[in-house]
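What's in query26.cif: mmCIF, C-alpha atoms
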data_target
loop_
_atom_site.group_PDB
_atom_site.id
_atom_site.type_symbol
_atom_site.label_atom_id
_atom_site.label_comp_id
_atom_site.auth_asym_id
_atom_site.auth_seq_id
_atom_site.Cartn_x
_atom_site.Cartn_y
_atom_site.Cartn_z
ATOM 1 C CA ASP A 1 0.000 0.000 0.000
ATOM 2 C CA ILE A 2 2.794 2.429 0.856
ATOM 3 C CA LEU A 3 4.526 1.929 -2.498
ATOM 4 C CA GLY A 4 1.329 1.812 -4.569
ATOM 5 C CA VAL A 5 1.618 -1.890 -5.429
ATOM 6 C CA THR A 6 -1.935 -2.755 -4.437
ATOM 7 C CA SER A 7 -3.495 0.166 -6.312
ATOM 8 C CA GLY A 8 -1.538 -0.588 -9.484
ATOM 9 C CA THR A 9 -2.401 -4.280 -9.344
ATOM 10 C CA CYS A 10 -6.084 -3.470 -8.920
ATOM 11 C CA VAL A 11 -6.077 -1.167 -11.945
ATOM 12 C CA GLY A 12 -4.595 -3.966 -14.046
ATOM 13 C CA ALA A 13 -7.210 -6.429 -12.829
ATOM 14 C CA ILE A 14 -10.091 -3.992 -13.411
ATOM 15 C CA LEU A 15 -8.869 -3.323 -16.956
ATOM 16 C CA ALA A 16 -8.552 -7.042 -17.661
ATOM 17 C CA ILE A 17 -12.073 -7.735 -16.320
ATOM 18 C CA ILE A 18 -13.537 -4.969 -18.501
ATOM 19 C CA LEU A 19 -11.745 -6.452 -21.525
ATOM 20 C CA SER A 20 -13.188 -9.898 -20.651
ATOM 21 C CA CYS A 21 -9.747 -11.477 -20.336
ATOM 22 C CA ARG A 22 -9.327 -15.015 -19.081
ATOM 23 C CA ILE A 23 -8.310 -15.656 -15.471
ATOM 24 C CA LEU A 24 -4.633 -16.217 -16.233
ATOM 25 C CA GLU A 25 -4.489 -13.120 -18.440
ATOM 26 C CA THR A 26 -6.178 -11.065 -15.716
ATOM 27 C CA GLN A 27 -3.609 -12.195 -13.164
ATOM 28 C CA LEU A 28 -0.714 -11.475 -15.523
ATOM 29 C CA ILE A 29 -1.969 -7.989 -16.378
ATOM 30 C CA ALA A 30 -2.560 -7.258 -12.686
ATOM 31 C CA LEU A 31 0.977 -8.383 -11.846
ATOM 32 C CA VAL A 32 2.492 -6.195 -14.588
ATOM 33 C CA PHE A 33 0.526 -3.129 -13.442
ATOM 34 C CA GLY A 34 1.624 -3.727 -9.834
ATOM 35 C CA LEU A 35 5.280 -3.787 -10.878
ATOM 36 C CA ALA A 36 4.747 -0.716 -13.070
ATOM 37 C CA SER A 37 3.260 1.257 -10.176
ATOM 38 C CA VAL A 38 6.346 0.622 -8.033
ATOM 39 C CA CYS A 39 8.632 1.623 -10.913
ATOM 40 C CA PHE A 40 6.634 4.855 -11.093
ATOM 41 C CA THR A 41 7.050 5.370 -7.332
ATOM 42 C CA LEU A 42 10.801 4.725 -7.452
ATOM 43 C CA LYS A 43 11.164 7.076 -10.423
ATOM 44 C CA ILE A 44 9.560 9.922 -8.477
ATOM 45 C CA ALA A 45 11.455 9.173 -5.265
ATOM 46 C CA GLY A 46 14.743 8.894 -7.177
ATOM 47 C CA LYS A 47 14.618 12.609 -7.963
ATOM 48 C CA ASN A 48 15.343 13.349 -4.296
ATOM 49 C CA ASP A 49 18.094 11.007 -3.194
ATOM 50 C CA GLY A 50 19.031 13.142 -0.221
ATOM 51 C CA ARG A 51 15.729 12.382 1.540
ATOM 52 C CA SER A 52 14.924 9.129 -0.163
ATOM 53 C CA MET A 53 12.786 7.508 2.565
ATOM 54 C CA VAL A 54 10.551 10.551 3.056
ATOM 55 C CA TYR A 55 10.093 11.009 -0.668
ATOM 56 C CA LEU A 56 9.568 7.281 -1.172
ATOM 57 C CA VAL A 57 6.522 7.383 1.116
ATOM 58 C CA LEU A 58 5.236 10.571 -0.522
ATOM 59 C CA ALA A 59 5.798 9.131 -4.001
ATOM 60 C CA GLY A 60 3.925 5.973 -2.994
ATOM 61 C CA THR A 61 1.009 8.103 -1.798
ATOM 62 C CA ILE A 62 0.967 9.946 -5.133
ATOM 63 C CA ALA A 63 1.097 6.686 -7.073
ATOM 64 C CA SER A 64 -1.717 5.167 -4.990
ATOM 65 C CA SER A 65 -3.922 8.222 -5.495
ATOM 66 C CA LEU A 66 -3.247 8.270 -9.227
ATOM 67 C CA PHE A 67 -3.939 4.564 -9.752
ATOM 68 C CA ASN A 68 -7.023 4.732 -7.499
ATOM 69 C CA ALA A 69 -8.356 7.550 -9.684
ATOM 70 C CA VAL A 70 -7.703 5.500 -12.831
ATOM 71 C CA GLY A 71 -9.390 2.506 -11.218
ATOM 72 C CA SER A 72 -12.450 4.606 -10.309
ATOM 73 C CA LEU A 73 -12.631 5.889 -13.880
ATOM 74 C CA LEU A 74 -12.506 2.339 -15.227
ATOM 75 C CA LYS A 75 -15.247 1.259 -12.819
ATOM 76 C CA TYR A 76 -17.357 4.209 -13.973
ATOM 77 C CA THR A 77 -17.118 2.997 -17.570
ATOM 78 C CA ALA A 78 -17.754 -0.677 -16.739
ATOM 79 C CA ASP A 79 -21.013 -2.424 -17.566
ATOM 80 C CA PRO A 80 -23.104 -2.068 -14.357
ATOM 81 C CA GLN A 81 -25.006 -5.301 -15.009
ATOM 82 C CA ASP A 82 -22.102 -7.585 -15.872
ATOM 83 C CA LYS A 83 -18.604 -6.257 -15.188
ATOM 84 C CA LEU A 84 -19.130 -3.908 -12.236
ATOM 85 C CA PRO A 85 -20.318 -6.581 -9.752
ATOM 86 C CA GLU A 86 -17.344 -8.768 -10.677
ATOM 87 C CA ILE A 87 -14.934 -5.839 -10.228
ATOM 88 C CA THR A 88 -16.493 -4.886 -6.885
ATOM 89 C CA TYR A 89 -16.251 -8.436 -5.533
ATOM 90 C CA TRP A 90 -12.645 -8.748 -6.705
ATOM 91 C CA LEU A 91 -11.689 -5.464 -5.002
ATOM 92 C CA MET A 92 -13.104 -6.707 -1.686
ATOM 93 C CA GLY A 93 -10.692 -9.657 -1.782
ATOM 94 C CA ALA A 94 -11.479 -13.365 -1.479
ATOM 95 C CA LEU A 95 -9.872 -16.782 -1.861
ATOM 96 C CA THR A 96 -13.064 -18.454 -3.114
ATOM 97 C CA ALA A 97 -12.111 -18.385 -6.778
ATOM 98 C CA VAL A 98 -8.440 -19.318 -6.284
ATOM 99 C CA ARG A 99 -7.608 -22.637 -7.920
ATOM 100 C CA LEU A 100 -4.486 -24.779 -8.131
ATOM 101 C CA ASP A 101 -3.574 -23.258 -11.515
ATOM 102 C CA ASP A 102 -3.697 -19.807 -9.917
ATOM 103 C CA LEU A 103 -1.258 -20.932 -7.243
ATOM 104 C CA HIS A 104 1.068 -22.320 -9.906
ATOM 105 C CA PHE A 105 0.990 -18.919 -11.636
ATOM 106 C CA ALA A 106 1.674 -16.939 -8.452
ATOM 107 C CA MET A 107 4.139 -19.341 -6.839
ATOM 108 C CA ASP A 108 7.216 -18.332 -8.837
ATOM 109 C CA PRO A 109 7.050 -14.526 -8.267
ATOM 110 C CA ILE A 110 6.076 -15.030 -4.623
ATOM 111 C CA LEU A 111 9.051 -17.334 -4.012
ATOM 112 C CA LEU A 112 11.330 -14.997 -5.992
ATOM 113 C CA GLY A 113 10.309 -12.312 -3.530
ATOM 114 C CA LEU A 114 10.244 -14.230 -0.264
ATOM 115 C CA ILE A 115 13.385 -16.367 -0.564
ATOM 116 C CA PRO A 116 15.843 -13.460 -1.059
ATOM 117 C CA LEU A 117 14.111 -11.547 1.752
ATOM 118 C CA PHE A 118 14.503 -14.557 4.029
ATOM 119 C CA PHE A 119 18.241 -14.773 3.384
ATOM 120 C CA LEU A 120 18.694 -11.007 3.626
ATOM 121 C CA ARG A 121 16.677 -10.673 6.818
ATOM 122 C CA TRP A 122 19.635 -10.122 9.141
ATOM 123 C CA ARG A 123 20.915 -7.292 6.894
ATOM 124 C CA LEU A 124 17.593 -5.441 7.193
ATOM 125 C CA ASN A 125 18.639 -4.388 10.691
ATOM 126 C CA LEU A 126 21.308 -2.217 9.050
ATOM 127 C CA LEU A 127 18.634 -0.047 7.408
ATOM 128 C CA THR A 128 17.908 1.429 10.846
ATOM 129 C CA ILE A 129 21.413 2.925 11.182
ATOM 130 C CA SER A 130 23.038 5.693 9.163
ATOM 131 C CA GLU A 131 24.289 5.046 5.654
ATOM 132 C CA ALA A 132 27.869 5.856 6.685
ATOM 133 C CA GLU A 133 27.810 3.278 9.482
ATOM 134 C CA ALA A 134 26.363 0.631 7.196
ATOM 135 C CA ARG A 135 28.973 1.389 4.525
ATOM 136 C CA SER A 136 31.724 0.952 7.113
ATOM 137 C CA MET A 137 30.394 -2.586 7.607
ATOM 138 C CA GLY A 138 30.583 -3.237 3.869
ATOM 139 C CA VAL A 139 26.834 -2.928 3.152
ATOM 140 C CA ASN A 140 25.403 -0.750 0.383
ATOM 141 C CA THR A 141 22.121 0.424 1.929
ATOM 142 C CA LYS A 142 20.769 1.890 -1.328
ATOM 143 C CA LEU A 143 21.201 -1.420 -3.132
ATOM 144 C CA LEU A 144 19.810 -3.329 -0.145
ATOM 145 C CA ARG A 145 16.758 -1.057 0.056
ATOM 146 C CA LEU A 146 16.132 -1.463 -3.673
ATOM 147 C CA ALA A 147 16.416 -5.259 -3.398
ATOM 148 C CA VAL A 148 13.929 -5.300 -0.517
ATOM 149 C CA ILE A 149 11.454 -3.115 -2.427
ATOM 150 C CA VAL A 150 11.683 -5.276 -5.570
ATOM 151 C CA CYS A 151 11.262 -8.525 -3.608
ATOM 152 C CA ALA A 152 8.338 -7.179 -1.572
ATOM 153 C CA THR A 153 6.721 -5.877 -4.758
ATOM 154 C CA LEU A 154 6.954 -9.253 -6.507
ATOM 155 C CA ALA A 155 5.405 -11.109 -3.585
ATOM 156 C CA THR A 156 2.674 -8.527 -3.004
ATOM 157 C CA ALA A 157 1.679 -8.015 -6.646
ATOM 158 C CA ALA A 158 1.538 -11.777 -7.267
ATOM 159 C CA SER A 159 -0.626 -12.316 -4.177
ATOM 160 C CA VAL A 160 -3.032 -9.482 -4.980
ATOM 161 C CA SER A 161 -3.308 -10.611 -8.612
ATOM 162 C CA ILE A 162 -4.997 -13.891 -7.577
ATOM 163 C CA SER A 163 -6.859 -12.880 -4.406
ATOM 164 C CA GLY A 164 -7.823 -9.228 -4.844
ATOM 165 C CA MET A 165 -7.329 -6.579 -2.179
ATOM 166 C CA ILE A 166 -7.026 -8.079 1.311
ATOM 167 C CA GLY A 167 -5.834 -5.264 3.514
ATOM 168 C CA TRP A 168 -4.411 -4.863 7.021
ATOM 169 C CA VAL A 169 -2.594 -8.215 7.157
ATOM 170 C CA GLY A 170 0.749 -6.722 6.146
ATOM 171 C CA LEU A 171 0.247 -3.758 8.461
ATOM 172 C CA VAL A 172 -0.962 -5.382 11.672
ATOM 173 C CA ILE A 173 0.857 -8.736 11.737
ATOM 174 C CA PRO A 174 4.446 -7.350 11.782
ATOM 175 C CA HIS A 175 3.535 -5.161 14.773
ATOM 176 C CA ILE A 176 2.130 -8.159 16.618
ATOM 177 C CA CYS A 177 5.306 -10.092 15.799
ATOM 178 C CA ARG A 178 7.388 -7.250 17.230
ATOM 179 C CA LEU A 179 5.632 -7.798 20.538
ATOM 180 C CA LEU A 180 6.429 -11.514 20.327
ATOM 181 C CA VAL A 181 10.044 -11.618 19.091
ATOM 182 C CA GLY A 182 11.311 -8.034 19.267
ATOM 183 C CA GLN A 183 12.745 -5.741 16.575
ATOM 184 C CA ASN A 184 15.438 -8.059 15.209
ATOM 185 C CA THR A 185 14.414 -8.758 11.593
ATOM 186 C CA ARG A 186 16.326 -12.054 11.650
ATOM 187 C CA LEU A 187 13.424 -13.377 13.752
ATOM 188 C CA LEU A 188 10.784 -10.797 12.885
ATOM 189 C CA LEU A 189 10.573 -11.579 9.154
ATOM 190 C CA PRO A 190 9.966 -15.372 9.378
ATOM 191 C CA CYS A 191 7.576 -14.788 12.280
ATOM 192 C CA SER A 192 5.613 -12.301 10.145
ATOM 193 C CA MET A 193 5.502 -14.738 7.225
ATOM 194 C CA LEU A 194 4.161 -17.601 9.344
ATOM 195 C CA LEU A 195 1.783 -15.563 11.491
ATOM 196 C CA GLY A 196 0.480 -13.615 8.482
ATOM 197 C CA ALA A 197 -0.319 -16.812 6.584
ATOM 198 C CA SER A 198 -1.926 -18.371 9.673
ATOM 199 C CA PHE A 199 -4.010 -15.244 10.320
ATOM 200 C CA LEU A 200 -5.259 -15.198 6.725
ATOM 201 C CA MET A 201 -6.220 -18.893 6.897
ATOM 202 C CA LEU A 202 -8.101 -18.277 10.153
ATOM 203 C CA VAL A 203 -9.978 -15.296 8.697
ATOM 204 C CA ASP A 204 -10.774 -17.316 5.554
ATOM 205 C CA ASP A 205 -12.276 -20.084 7.706
ATOM 206 C CA LEU A 206 -14.382 -17.494 9.546
ATOM 207 C CA ALA A 207 -15.489 -15.956 6.239
ATOM 208 C CA ARG A 208 -16.746 -19.345 5.043
ATOM 209 C CA CYS A 209 -18.428 -20.372 8.308
ATOM 210 C CA LEU A 210 -20.027 -17.238 9.796
ATOM 211 C CA THR A 211 -22.822 -16.965 7.233
ATOM 212 C CA THR A 212 -24.404 -19.111 4.545
ATOM 213 C CA SER A 213 -22.578 -17.087 1.856
ATOM 214 C CA GLU A 214 -18.874 -16.346 2.130
ATOM 215 C CA ILE A 215 -17.961 -12.866 3.366
ATOM 216 C CA PRO A 216 -15.168 -11.218 1.312
ATOM 217 C CA LEU A 217 -11.892 -11.431 3.229
ATOM 218 C CA GLY A 218 -11.057 -7.752 2.787
ATOM 219 C CA ILE A 219 -14.089 -6.839 4.913
ATOM 220 C CA LEU A 220 -13.177 -9.189 7.759
ATOM 221 C CA THR A 221 -9.480 -8.285 7.823
ATOM 222 C CA ALA A 222 -10.437 -4.587 8.031
ATOM 223 C CA LEU A 223 -12.945 -5.251 10.833
ATOM 224 C CA VAL A 224 -10.319 -7.195 12.792
ATOM 225 C CA GLY A 225 -7.206 -5.291 11.747
ATOM 226 C CA ALA A 226 -8.290 -1.678 12.257
ATOM 227 C CA PRO A 227 -9.309 -2.042 15.959
ATOM 228 C CA LEU A 228 -6.252 -4.188 16.643
ATOM 229 C CA PHE A 229 -3.938 -1.642 15.044
ATOM 230 C CA LEU A 230 -5.624 1.136 17.046
ATOM 231 C CA TYR A 231 -4.990 -0.875 20.222
ATOM 232 C CA LEU A 232 -1.316 -1.281 19.307
ATOM 233 C CA ILE A 233 -1.004 2.475 18.681
ATOM 234 C CA VAL A 234 -2.651 3.370 21.986
ATOM 235 C CA LYS A 235 -0.574 0.812 23.867
ATOM 236 C CA GLY A 236 2.621 2.051 22.203
ATOM 237 C CA GLY A 237 1.776 5.677 23.022
ATOM 238 C CA ALA A 238 1.086 4.797 26.664
ATOM 239 C CA ARG A 239 4.374 2.898 26.893
ATOM 240 C CA ASP A 240 6.308 5.835 25.393
ATOM 241 C CA ALA A 241 4.647 8.259 27.816
ATOM 242 C CA ALA A 242 5.631 6.047 30.735
#

Go ahead and express the file in the form of structure tokens.
Amino acid sequence: DILGVTSGTCVGAILAIILSCRILETQLIALVFGLASVCFTLKIAGKNDGRSMVYLVLAGTIASSLFNAVGSLLKYTADPQDKLPEITYWLMGALTAVRLDDLHFAMDPILLGLIPLFFLRWRLNLLTISEAEARSMGVNTKLLRLAVIVCATLATAASVSISGMIGWVGLVIPHICRLLVGQNTRLLLPCSMLLGASFLMLVDDLARCLTTSEIPLGILTALVGAPLFLYLIVKGGARDAA
């Protein structure tokens, strides 16, 4: 969300649905648009290397707003009887329509993203110190940051391309894992991977069992994630005040 991956992926999927593309084509177009949105974000942020992190967040906000506007325009032009309901359901996020072929399509980019991140996880701690200190340890923080962004983008865009928008998992779960294992990314990253997957499976089970018709996952994750994140913020603020 911060880098605009989700918004770009959704625009690609909406366009593919309007064009009546097949499932695999829809996923491929969504993946390409997700990667393109991050390239756009990095291009904007690259103009201000001196304050790269601040401008990276701002550039991601710009990219998200732009792609959201394009997505709204596409929805406005979609057939309200046929295409619009399909687009709306896809944007709410669900695993109902995911089949084994979809997993085969998404597996490669997801693994290409997660495996390098897993082996680089101990180096991510160096992104919290100054660039000069990291360079003295033989680590190029700019290259490391770029590698992390590319890997995270691949995994995120591939996931969104087959499931739609399922928010709050990537925002809330890492904060919960920080309470469990601390700030060290050597432990934090695998804990986030496992707990995030487990949380999504639990929410998917609830979505299938609570009512006679399955509730879209994006609704449930927002209902659970937003209050939980608010609790973490309040608890963190109280701890800092103490």

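Minimum distance to Ser37 of chain A across A:Cys10, A:Ala78, A:Leu100, A:Cys177 (counting all atoms listed in the file) occurs at A:Cys10.
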
Can you work out which one of A:Leu120, A:Leu200, A:Ile29, A:Leu180 has the shortest atom-to-atom distance to Gly167 of chain A, counting only C-alpha atoms?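 The closest residue to Gly167 of chain A is A:Leu200.
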
Evaluate the PyMOL selection byres ((chain A and resi 93) around 9) against this structure - the residues, as a ChimeraX atom specification, please. /A:89-92,94-95,160,163-167,216-219

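Atom CA of Gln81 of chain A is positioned 27.8 Å from atom CA of Thr221 of chain A.
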
Return as lines of an AutoDock Vina configuration file the box centre and box size in Å, one decimal, for an axis-aligned box around all listed atoms of segment 166-175 of chain A padded by 8 Å per side.
center_x = -1.3
center_y = -6.2
center_z = 8.0
size_x = 27.5
size_y = 21.0
size_z = 29.5

Evaluating the PyMOL selection byres ((chain A and resi 170) around 10) on the displayed file yields which residues, as a VMD selection string? chain A and resid 1 156 166 to 169 171 to 175 192 to 193 196 225

May I ask which of the residues A:Leu195, A:Leu24, A:Ala97, A:Ile17 is the closest one to Asp79 of chain A, counting only C-alpha atoms? A:Ile17

Asp108 of chain A surroundings by all atoms listed in the file, 12 Å radius, close-in-sequence under 5 positions cut, as a PyMOL selection string: chain A and resi 102-103+113-115+151+154-155+157-159

Just give me the residues with any atom within 10 Å of (-11.4, -4.7, -14.3), file coordinates, counting all atoms listed in the file, written as a compact mmCIF listing (two decimals) with C-alpha atoms, in the coordinates of the input.
# COMPACT_ATOMS: atom_id res chain seq x y z
CA CYS A 10 -6.08 -3.47 -8.92
CA VAL A 11 -6.08 -1.17 -11.94
CA GLY A 12 -4.60 -3.97 -14.05
CA ALA A 13 -7.21 -6.43 -12.83
CA ILE A 14 -10.09 -3.99 -13.41
CA LEU A 15 -8.87 -3.32 -16.96
CA ALA A 16 -8.55 -7.04 -17.66
CA ILE A 17 -12.07 -7.74 -16.32
CA ILE A 18 -13.54 -4.97 -18.50
CA LEU A 19 -11.74 -6.45 -21.52
CA SER A 20 -13.19 -9.90 -20.65
CA CYS A 21 -9.75 -11.48 -20.34
CA THR A 26 -6.18 -11.06 -15.72
CA ALA A 30 -2.56 -7.26 -12.69
CA GLY A 71 -9.39 2.51 -11.22
CA LEU A 74 -12.51 2.34 -15.23
CA LYS A 75 -15.25 1.26 -12.82
CA ALA A 78 -17.75 -0.68 -16.74
CA LYS A 83 -18.60 -6.26 -15.19
CA LEU A 84 -19.13 -3.91 -12.24
CA GLU A 86 -17.34 -8.77 -10.68
CA ILE A 87 -14.93 -5.84 -10.23
CA THR A 88 -16.49 -4.89 -6.88
CA TRP A 90 -12.64 -8.75 -6.70
CA LEU A 91 -11.69 -5.46 -5.00

Counting all atoms listed in the file, which residue out of A:Thr6, A:Ile233, A:Arg186, A:Leu31 sits closest to Ser65 of chain A?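 Using all atoms listed in the file, the shortest distance to Ser65 of chain A belongs to A:Thr6.
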
Restricting the calculation to all atoms listed in the file: of A:Ser213, A:Thr153, A:Lys142, A:Val70, which residue gets closest to Ile110 of chain A? A:Thr153

Between atom CA of Phe105 of chain A and atom CA of Thr77 of chain A - distance in Å to one decimal: 29.0 Å

Among listed residues A:Leu146, A:Trp122, A:Leu232, A:Asp204, nearest Ile176 of chain A (using all atoms listed in the file):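 Comparing A:Leu146, A:Trp122, A:Leu232, A:Asp204 against Ile176 of chain A, the winner is A:Leu232.
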
Step by step, work through what the PyMOL selection byres ((chain A and resi 63) around 10) selects in the shown file, and finish by giving those residues as an MDAnalysis selection string. chainID A and resid 1:5 7:8 37:42 44 57:62 64:69

Could you write those residues out with C-alpha atoms, as a compact mmCIF listing (two decimals), keeping the file's coordinate frame?
# COMPACT_ATOMS: atom_id res chain seq x y z
CA ASP A 1 0.00 0.00 0.00
CA ILE A 2 2.79 2.43 0.86
CA LEU A 3 4.53 1.93 -2.50
CA GLY A 4 1.33 1.81 -4.57
CA VAL A 5 1.62 -1.89 -5.43
CA SER A 7 -3.50 0.17 -6.31
CA GLY A 8 -1.54 -0.59 -9.48
CA SER A 37 3.26 1.26 -10.18
CA VAL A 38 6.35 0.62 -8.03
CA CYS A 39 8.63 1.62 -10.91
CA PHE A 40 6.63 4.86 -11.09
CA THR A 41 7.05 5.37 -7.33
CA LEU A 42 10.80 4.72 -7.45
CA ILE A 44 9.56 9.92 -8.48
CA VAL A 57 6.52 7.38 1.12
CA LEU A 58 5.24 10.57 -0.52
CA ALA A 59 5.80 9.13 -4.00
CA GLY A 60 3.92 5.97 -2.99
CA THR A 61 1.01 8.10 -1.80
CA ILE A 62 0.97 9.95 -5.13
CA SER A 64 -1.72 5.17 -4.99
CA SER A 65 -3.92 8.22 -5.50
CA LEU A 66 -3.25 8.27 -9.23
CA PHE A 67 -3.94 4.56 -9.75
CA ASN A 68 -7.02 4.73 -7.50
CA ALA A 69 -8.36 7.55 -9.68

What separates atom CA of Arg121 of chain A and atom CA of Gln183 of chain A is a distance of 11.6 Å
